[in-house]
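A short worksheet on the structure shown next.
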Amino acid sequence: MTPTTAVLVLQGPNLNLVGTREPEIYGYESLEEIHAGISARAAELGLDVAFFQSNHEGALIDRLHRRDFAVAIVNAGGLTHTSIALRDALLAVQRPFIEVHLSDPARREPFRAVNYLRDIALESIVGQGARGYHLALESIARR
């Protein structure tokens with residue numbers, strides 16, 4: 001039996017409101033629906049997926065510190081543009097990650113051009129909506 005790759009999907013602040021928060025930007029699927037789709041695709045690809053969402057930076061960092069995953073998919077939400085601490089945690093745990101954003105931050109407000117994660121991520125998938133998570137899973141499965 002081949003061991004499965006453990007994937008952590010880490011969701012940052014306000015992502016619990018996806019589906020109702022600015023749906024013209026983030027889409028109409030709830031986070032639970034997005035996670036159900038991720039789970040189904042992960043199973044097809046033979047990946048073991050776990051989810052964690054928090055509106056608290058420290059909780060996200062504590063979750064990373066558990067190091068019980070081989071690779072992560074990270075949507076840091078607004079922390080992408082502000083959190084050196086989250087960046088430091090991603091470096092400290094020494095696990096590769098793919099950055100995902102439902103929208104394309106670079107096409108939005110100018111302050112969203114700052115991204116503390118892009119240069120340390122395996123890749124960044126932006127502006128693909130929930131499909132971005134599936135693309136990240138497929139990239140992980142290919143590696």
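In the structure tokens, each chain is lettered A, B, ... as it comes, each chain's residues begin at 1, and ligands are numbered from 1 in order of appearance.
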Can I get the residues of range 71-129 of chain A within 10 Å of range 6-29 of chain A, each with the closest pair of atoms and their distance in Å to one decimal, using only C-alpha atoms, sorted chain first then ascending number, as JSON lines?
{"residue": "A:Val71", "atom": "CA", "partner": "A:Val7", "partner_atom": "CA", "distance": 5.2}
{"residue": "A:Ala72", "atom": "CA", "partner": "A:Leu8", "partner_atom": "CA", "distance": 4.6}
{"residue": "A:Ile73", "atom": "CA", "partner": "A:Val9", "partner_atom": "CA", "distance": 4.7}
{"residue": "A:Val74", "atom": "CA", "partner": "A:Leu10", "partner_atom": "CA", "distance": 4.8}
{"residue": "A:Asn75", "atom": "CA", "partner": "A:Gln11", "partner_atom": "CA", "distance": 5.0}
{"residue": "A:Ala76", "atom": "CA", "partner": "A:Gly12", "partner_atom": "CA", "distance": 4.3}
{"residue": "A:Gly77", "atom": "CA", "partner": "A:Gly12", "partner_atom": "CA", "distance": 5.1}
{"residue": "A:Gly78", "atom": "CA", "partner": "A:Pro13", "partner_atom": "CA", "distance": 6.7}
{"residue": "A:Leu79", "atom": "CA", "partner": "A:Gly12", "partner_atom": "CA", "distance": 7.1}
{"residue": "A:Thr80", "atom": "CA", "partner": "A:Gly12", "partner_atom": "CA", "distance": 8.9}
{"residue": "A:Phe97", "atom": "CA", "partner": "A:Leu8", "partner_atom": "CA", "distance": 9.0}
{"residue": "A:Ile98", "atom": "CA", "partner": "A:Val9", "partner_atom": "CA", "distance": 9.6}
{"residue": "A:Glu99", "atom": "CA", "partner": "A:Leu10", "partner_atom": "CA", "distance": 9.7}
{"residue": "A:Val100", "atom": "CA", "partner": "A:Gln11", "partner_atom": "CA", "distance": 9.5}
{"residue": "A:His101", "atom": "CA", "partner": "A:Tyr26", "partner_atom": "CA", "distance": 9.1}
{"residue": "A:Leu102", "atom": "CA", "partner": "A:Tyr26", "partner_atom": "CA", "distance": 5.9}
{"residue": "A:Ser103", "atom": "CA", "partner": "A:Tyr26", "partner_atom": "CA", "distance": 6.3}
{"residue": "A:Asp104", "atom": "CA", "partner": "A:Ile25", "partner_atom": "CA", "distance": 9.2}
{"residue": "A:Arg108", "atom": "CA", "partner": "A:Ile25", "partner_atom": "CA", "distance": 9.8}
{"residue": "A:Gly127", "atom": "CA", "partner": "A:Tyr26", "partner_atom": "CA", "distance": 9.1}
{"residue": "A:Gln128", "atom": "CA", "partner": "A:Tyr26", "partner_atom": "CA", "distance": 9.8}
{"residue": "A:Gly129", "atom": "CA", "partner": "A:Tyr26", "partner_atom": "CA", "distance": 6.7}
Output all heavy atoms for every residue in that selection, as a compact mmCIF listing (two decimals), in the first residue's frame.
# COMPACT_ATOMS: atom_id res chain seq x y z
N VAL A 71 2.78 18.88 2.89
CA VAL A 71 2.67 20.07 2.04
C VAL A 71 1.38 20.80 2.42
O VAL A 71 0.43 20.17 2.89
CB VAL A 71 2.71 19.68 0.54
CG1 VAL A 71 1.54 18.79 0.16
CG2 VAL A 71 2.78 20.89 -0.37
N ALA A 72 1.37 22.10 2.22
CA ALA A 72 0.18 22.89 2.56
C ALA A 72 -0.32 23.66 1.35
O ALA A 72 0.44 23.98 0.43
CB ALA A 72 0.48 23.86 3.70
N ILE A 73 -1.61 23.93 1.40
CA ILE A 73 -2.23 24.89 0.49
C ILE A 73 -2.68 26.02 1.39
O ILE A 73 -3.44 25.79 2.34
CB ILE A 73 -3.43 24.27 -0.27
CG1 ILE A 73 -2.96 23.11 -1.14
CG2 ILE A 73 -4.15 25.34 -1.09
CD1 ILE A 73 -4.08 22.30 -1.77
N VAL A 74 -2.19 27.22 1.14
CA VAL A 74 -2.41 28.34 2.04
C VAL A 74 -3.14 29.48 1.34
O VAL A 74 -2.67 30.00 0.33
CB VAL A 74 -1.07 28.87 2.60
CG1 VAL A 74 -1.29 30.08 3.51
CG2 VAL A 74 -0.32 27.77 3.34
N ASN A 75 -4.31 29.82 1.87
CA ASN A 75 -4.99 31.05 1.50
C ASN A 75 -4.98 31.90 2.76
O ASN A 75 -5.81 31.73 3.65
CB ASN A 75 -6.42 30.80 1.03
CG ASN A 75 -7.09 32.08 0.55
OD1 ASN A 75 -6.68 33.18 0.90
ND2 ASN A 75 -8.14 31.93 -0.24
N ALA A 76 -4.02 32.79 2.85
CA ALA A 76 -3.83 33.59 4.06
C ALA A 76 -4.76 34.79 4.13
O ALA A 76 -4.73 35.53 5.11
CB ALA A 76 -2.38 34.05 4.15
N GLY A 77 -5.62 34.97 3.11
CA GLY A 77 -6.52 36.11 3.12
C GLY A 77 -5.73 37.40 3.27
O GLY A 77 -4.63 37.55 2.73
N GLY A 78 -6.26 38.33 4.06
CA GLY A 78 -5.61 39.61 4.27
C GLY A 78 -4.24 39.53 4.91
O GLY A 78 -3.43 40.46 4.78
N LEU A 79 -3.94 38.42 5.60
CA LEU A 79 -2.62 38.28 6.22
C LEU A 79 -1.51 38.17 5.17
O LEU A 79 -0.35 38.42 5.47
CB LEU A 79 -2.59 37.07 7.15
CG LEU A 79 -3.45 37.17 8.40
CD1 LEU A 79 -3.44 35.86 9.17
CD2 LEU A 79 -3.00 38.33 9.28
N THR A 80 -1.89 37.84 3.95
CA THR A 80 -0.92 37.79 2.85
C THR A 80 -0.16 39.11 2.75
O THR A 80 1.03 39.14 2.46
CB THR A 80 -1.67 37.55 1.52
OG1 THR A 80 -2.38 36.32 1.62
CG2 THR A 80 -0.72 37.53 0.33
N PHE A 97 4.65 24.81 0.38
CA PHE A 97 3.24 25.20 0.29
C PHE A 97 2.95 25.88 -1.03
O PHE A 97 3.83 26.45 -1.67
CB PHE A 97 2.83 26.10 1.47
CG PHE A 97 3.36 27.50 1.40
CD1 PHE A 97 2.56 28.53 0.90
CD2 PHE A 97 4.63 27.81 1.83
CE1 PHE A 97 3.05 29.82 0.83
CE2 PHE A 97 5.13 29.10 1.77
CZ PHE A 97 4.33 30.12 1.26
N ILE A 98 1.69 25.79 -1.41
CA ILE A 98 1.17 26.49 -2.58
C ILE A 98 0.21 27.55 -2.07
O ILE A 98 -0.68 27.26 -1.26
CB ILE A 98 0.46 25.52 -3.56
CG1 ILE A 98 1.49 24.52 -4.11
CG2 ILE A 98 -0.22 26.30 -4.68
CD1 ILE A 98 0.89 23.44 -5.00
N GLU A 99 0.41 28.76 -2.53
CA GLU A 99 -0.45 29.88 -2.17
C GLU A 99 -1.64 29.92 -3.12
O GLU A 99 -1.47 29.81 -4.34
CB GLU A 99 0.35 31.18 -2.28
CG GLU A 99 -0.44 32.42 -2.01
CD GLU A 99 0.32 33.69 -2.31
OE1 GLU A 99 1.25 33.68 -3.16
OE2 GLU A 99 -0.02 34.71 -1.69
N VAL A 100 -2.84 30.05 -2.56
CA VAL A 100 -4.06 30.14 -3.37
C VAL A 100 -4.85 31.36 -2.92
O VAL A 100 -4.96 31.64 -1.72
CB VAL A 100 -4.93 28.86 -3.21
CG1 VAL A 100 -6.30 29.04 -3.86
CG2 VAL A 100 -4.23 27.66 -3.82
N HIS A 101 -5.40 32.08 -3.89
CA HIS A 101 -6.34 33.17 -3.62
C HIS A 101 -7.52 33.03 -4.57
O HIS A 101 -7.31 32.80 -5.77
CB HIS A 101 -5.69 34.54 -3.80
CG HIS A 101 -4.65 34.83 -2.78
ND1 HIS A 101 -4.96 35.19 -1.48
CD2 HIS A 101 -3.30 34.78 -2.85
CE1 HIS A 101 -3.85 35.36 -0.80
NE2 HIS A 101 -2.83 35.10 -1.61
N LEU A 102 -8.72 33.16 -4.05
CA LEU A 102 -9.92 33.06 -4.88
C LEU A 102 -9.94 34.16 -5.95
O LEU A 102 -10.29 33.91 -7.10
CB LEU A 102 -11.17 33.15 -4.01
CG LEU A 102 -11.34 32.02 -2.99
CD1 LEU A 102 -12.43 32.36 -1.99
CD2 LEU A 102 -11.63 30.71 -3.69
N SER A 103 -9.58 35.37 -5.54
CA SER A 103 -9.50 36.49 -6.47
C SER A 103 -8.03 36.70 -6.84
O SER A 103 -7.15 35.99 -6.35
CB SER A 103 -10.07 37.75 -5.83
OG SER A 103 -9.23 38.20 -4.77
N ASP A 104 -7.77 37.68 -7.68
CA ASP A 104 -6.39 38.04 -8.00
C ASP A 104 -6.08 39.34 -7.28
O ASP A 104 -6.49 40.42 -7.72
CB ASP A 104 -6.21 38.21 -9.51
CG ASP A 104 -4.77 38.52 -9.90
OD1 ASP A 104 -3.95 38.79 -8.99
OD2 ASP A 104 -4.49 38.50 -11.10
N ARG A 108 -6.68 44.21 -7.65
CA ARG A 108 -7.59 44.87 -6.71
C ARG A 108 -6.93 46.12 -6.15
O ARG A 108 -6.17 46.79 -6.84
CB ARG A 108 -8.00 43.87 -5.63
CG ARG A 108 -8.78 42.69 -6.27
CD ARG A 108 -9.27 41.68 -5.31
NE ARG A 108 -10.09 42.31 -4.28
CZ ARG A 108 -10.34 41.76 -3.11
NH1 ARG A 108 -9.82 40.59 -2.80
NH2 ARG A 108 -11.09 42.38 -2.22
N GLY A 127 -7.00 34.08 -8.67
CA GLY A 127 -8.06 34.46 -9.59
C GLY A 127 -8.80 33.31 -10.23
O GLY A 127 -9.52 33.51 -11.20
N GLN A 128 -8.68 32.11 -9.69
CA GLN A 128 -9.35 30.94 -10.26
C GLN A 128 -10.57 30.51 -9.45
O GLN A 128 -11.15 29.45 -9.73
CB GLN A 128 -8.37 29.77 -10.36
CG GLN A 128 -7.17 30.03 -11.25
CD GLN A 128 -7.58 30.18 -12.70
OE1 GLN A 128 -8.38 29.40 -13.20
NE2 GLN A 128 -7.03 31.18 -13.37
N GLY A 129 -10.93 31.29 -8.43
CA GLY A 129 -12.03 30.89 -7.56
C GLY A 129 -11.68 29.60 -6.85
O GLY A 129 -10.50 29.27 -6.65
- Looking only at the backbone, which of the residues in chain A does DSSP tag as alpha helix (DSSP H), as a PyMOL selection string? chain A and resi 23-26+31-45+57-65+84-92+131-142
- Tell me, as a list in words, which residues lie within 12 Å of Arg41 in chain A, counting only C-alpha atoms; anything in the same chain fewer than 6 positions away does not count.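 Those residues are Ile34, His35, Leu47, Asp48, Val49, Ala130, Arg131, Gly132, Tyr133, His134, Leu135, Ala136, Leu137, Glu138, Ile140 and Ala141 of chain A.
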- Task: If you run DSSP over the backbone, which residues in range 9-124 of chain A end up strand (DSSP E or B)? Put them as a PyMOL selection string.
- Result: chain A and resi 9-11+47-53+71-75+97-101+123-124
Write out, as a PDB file, in the first residue's frame, the residues just selected, with N, CA, C and O atoms.
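Result file is again.pdb:
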ATOM      1  N   VAL A   9      -4.848  22.260   4.307  1.00  0.00           N
ATOM      2  CA  VAL A   9      -5.436  23.435   3.664  1.00  0.00           C
ATOM      3  C   VAL A   9      -5.661  24.452   4.772  1.00  0.00           C
ATOM      4  O   VAL A   9      -6.513  24.263   5.639  1.00  0.00           O
ATOM      5  N   LEU A  10      -4.865  25.501   4.743  1.00  0.00           N
ATOM      6  CA  LEU A  10      -4.883  26.529   5.777  1.00  0.00           C
ATOM      7  C   LEU A  10      -5.596  27.757   5.242  1.00  0.00           C
ATOM      8  O   LEU A  10      -5.164  28.347   4.247  1.00  0.00           O
ATOM      9  N   GLN A  11      -6.686  28.129   5.906  1.00  0.00           N
ATOM     10  CA  GLN A  11      -7.533  29.234   5.464  1.00  0.00           C
ATOM     11  C   GLN A  11      -7.479  30.363   6.480  1.00  0.00           C
ATOM     12  O   GLN A  11      -7.745  30.151   7.653  1.00  0.00           O
ATOM     13  N   LEU A  47      -4.704  11.850  -2.157  1.00  0.00           N
ATOM     14  CA  LEU A  47      -4.121  12.743  -1.164  1.00  0.00           C
ATOM     15  C   LEU A  47      -4.991  12.761   0.081  1.00  0.00           C
ATOM     16  O   LEU A  47      -6.217  12.689  -0.008  1.00  0.00           O
ATOM     17  N   ASP A  48      -4.356  12.861   1.233  1.00  0.00           N
ATOM     18  CA  ASP A  48      -5.052  12.948   2.515  1.00  0.00           C
ATOM     19  C   ASP A  48      -5.086  14.419   2.908  1.00  0.00           C
ATOM     20  O   ASP A  48      -4.037  15.036   3.089  1.00  0.00           O
ATOM     21  N   VAL A  49      -6.289  14.978   3.024  1.00  0.00           N
ATOM     22  CA  VAL A  49      -6.413  16.412   3.247  1.00  0.00           C
ATOM     23  C   VAL A  49      -7.041  16.729   4.600  1.00  0.00           C
ATOM     24  O   VAL A  49      -7.948  16.030   5.055  1.00  0.00           O
ATOM     25  N   ALA A  50      -6.505  17.759   5.249  1.00  0.00           N
ATOM     26  CA  ALA A  50      -7.059  18.276   6.505  1.00  0.00           C
ATOM     27  C   ALA A  50      -7.256  19.780   6.322  1.00  0.00           C
ATOM     28  O   ALA A  50      -6.520  20.428   5.571  1.00  0.00           O
ATOM     29  N   PHE A  51      -8.236  20.329   7.028  1.00  0.00           N
ATOM     30  CA  PHE A  51      -8.584  21.740   6.880  1.00  0.00           C
ATOM     31  C   PHE A  51      -8.439  22.466   8.204  1.00  0.00           C
ATOM     32  O   PHE A  51      -8.727  21.906   9.265  1.00  0.00           O
ATOM     33  N   PHE A  52      -8.021  23.726   8.109  1.00  0.00           N
ATOM     34  CA  PHE A  52      -7.991  24.583   9.282  1.00  0.00           C
ATOM     35  C   PHE A  52      -8.235  26.012   8.834  1.00  0.00           C
ATOM     36  O   PHE A  52      -7.548  26.515   7.941  1.00  0.00           O
ATOM     37  N   GLN A  53      -9.221  26.652   9.447  1.00  0.00           N
ATOM     38  CA  GLN A  53      -9.519  28.061   9.186  1.00  0.00           C
ATOM     39  C   GLN A  53      -9.543  28.789  10.508  1.00  0.00           C
ATOM     40  O   GLN A  53     -10.078  28.291  11.495  1.00  0.00           O
ATOM     41  N   VAL A  71       2.777  18.884   2.889  1.00  0.00           N
ATOM     42  CA  VAL A  71       2.666  20.073   2.042  1.00  0.00           C
ATOM     43  C   VAL A  71       1.380  20.798   2.419  1.00  0.00           C
ATOM     44  O   VAL A  71       0.429  20.171   2.885  1.00  0.00           O
ATOM     45  N   ALA A  72       1.368  22.103   2.223  1.00  0.00           N
ATOM     46  CA  ALA A  72       0.176  22.892   2.563  1.00  0.00           C
ATOM     47  C   ALA A  72      -0.324  23.662   1.349  1.00  0.00           C
ATOM     48  O   ALA A  72       0.444  23.978   0.431  1.00  0.00           O
ATOM     49  N   ILE A  73      -1.609  23.930   1.395  1.00  0.00           N
ATOM     50  CA  ILE A  73      -2.234  24.888   0.489  1.00  0.00           C
ATOM     51  C   ILE A  73      -2.685  26.024   1.395  1.00  0.00           C
ATOM     52  O   ILE A  73      -3.442  25.791   2.336  1.00  0.00           O
ATOM     53  N   VAL A  74      -2.190  27.221   1.138  1.00  0.00           N
ATOM     54  CA  VAL A  74      -2.407  28.343   2.045  1.00  0.00           C
ATOM     55  C   VAL A  74      -3.145  29.476   1.343  1.00  0.00           C
ATOM     56  O   VAL A  74      -2.668  30.001   0.334  1.00  0.00           O
ATOM     57  N   ASN A  75      -4.311  29.816   1.873  1.00  0.00           N
ATOM     58  CA  ASN A  75      -4.995  31.052   1.503  1.00  0.00           C
ATOM     59  C   ASN A  75      -4.981  31.899   2.765  1.00  0.00           C
ATOM     60  O   ASN A  75      -5.809  31.735   3.652  1.00  0.00           O
ATOM     61  N   PHE A  97       4.648  24.813   0.375  1.00  0.00           N
ATOM     62  CA  PHE A  97       3.239  25.203   0.292  1.00  0.00           C
ATOM     63  C   PHE A  97       2.946  25.883  -1.032  1.00  0.00           C
ATOM     64  O   PHE A  97       3.834  26.447  -1.673  1.00  0.00           O
ATOM     65  N   ILE A  98       1.690  25.785  -1.414  1.00  0.00           N
ATOM     66  CA  ILE A  98       1.168  26.491  -2.582  1.00  0.00           C
ATOM     67  C   ILE A  98       0.215  27.547  -2.070  1.00  0.00           C
ATOM     68  O   ILE A  98      -0.677  27.261  -1.263  1.00  0.00           O
ATOM     69  N   GLU A  99       0.413  28.762  -2.532  1.00  0.00           N
ATOM     70  CA  GLU A  99      -0.448  29.881  -2.165  1.00  0.00           C
ATOM     71  C   GLU A  99      -1.638  29.922  -3.122  1.00  0.00           C
ATOM     72  O   GLU A  99      -1.469  29.814  -4.337  1.00  0.00           O
ATOM     73  N   VAL A 100      -2.841  30.051  -2.564  1.00  0.00           N
ATOM     74  CA  VAL A 100      -4.062  30.137  -3.365  1.00  0.00           C
ATOM     75  C   VAL A 100      -4.854  31.355  -2.919  1.00  0.00           C
ATOM     76  O   VAL A 100      -4.959  31.636  -1.719  1.00  0.00           O
ATOM     77  N   HIS A 101      -5.402  32.082  -3.889  1.00  0.00           N
ATOM     78  CA  HIS A 101      -6.343  33.171  -3.615  1.00  0.00           C
ATOM     79  C   HIS A 101      -7.516  33.027  -4.571  1.00  0.00           C
ATOM     80  O   HIS A 101      -7.312  32.805  -5.772  1.00  0.00           O
ATOM     81  N   GLU A 123       4.348  27.732  -5.667  1.00  0.00           N
ATOM     82  CA  GLU A 123       3.669  28.462  -6.733  1.00  0.00           C
ATOM     83  C   GLU A 123       2.502  29.224  -6.137  1.00  0.00           C
ATOM     84  O   GLU A 123       2.081  28.941  -5.013  1.00  0.00           O
ATOM     85  N   SER A 124       2.000  30.179  -6.895  1.00  0.00           N
ATOM     86  CA  SER A 124       0.828  30.950  -6.483  1.00  0.00           C
ATOM     87  C   SER A 124      -0.248  30.779  -7.535  1.00  0.00           C
ATOM     88  O   SER A 124       0.019  30.949  -8.731  1.00  0.00           O
TER      89      SER A 124
END
- Query: Interatomic distance between CA of Leu31 in chain A and CA of Val126 in chain A?
  - Reply: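 Between these atoms lies a distance of 16.8 Å.
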- Looking at A:Thr5, A:Ser30, A:Thr82, A:Ser39, which one is nearest to Ala113 in chain A, with distances taken over only C-alpha atoms?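 Residue with the minimum atom-to-atom distance to Ala113 in chain A: A:Thr82.
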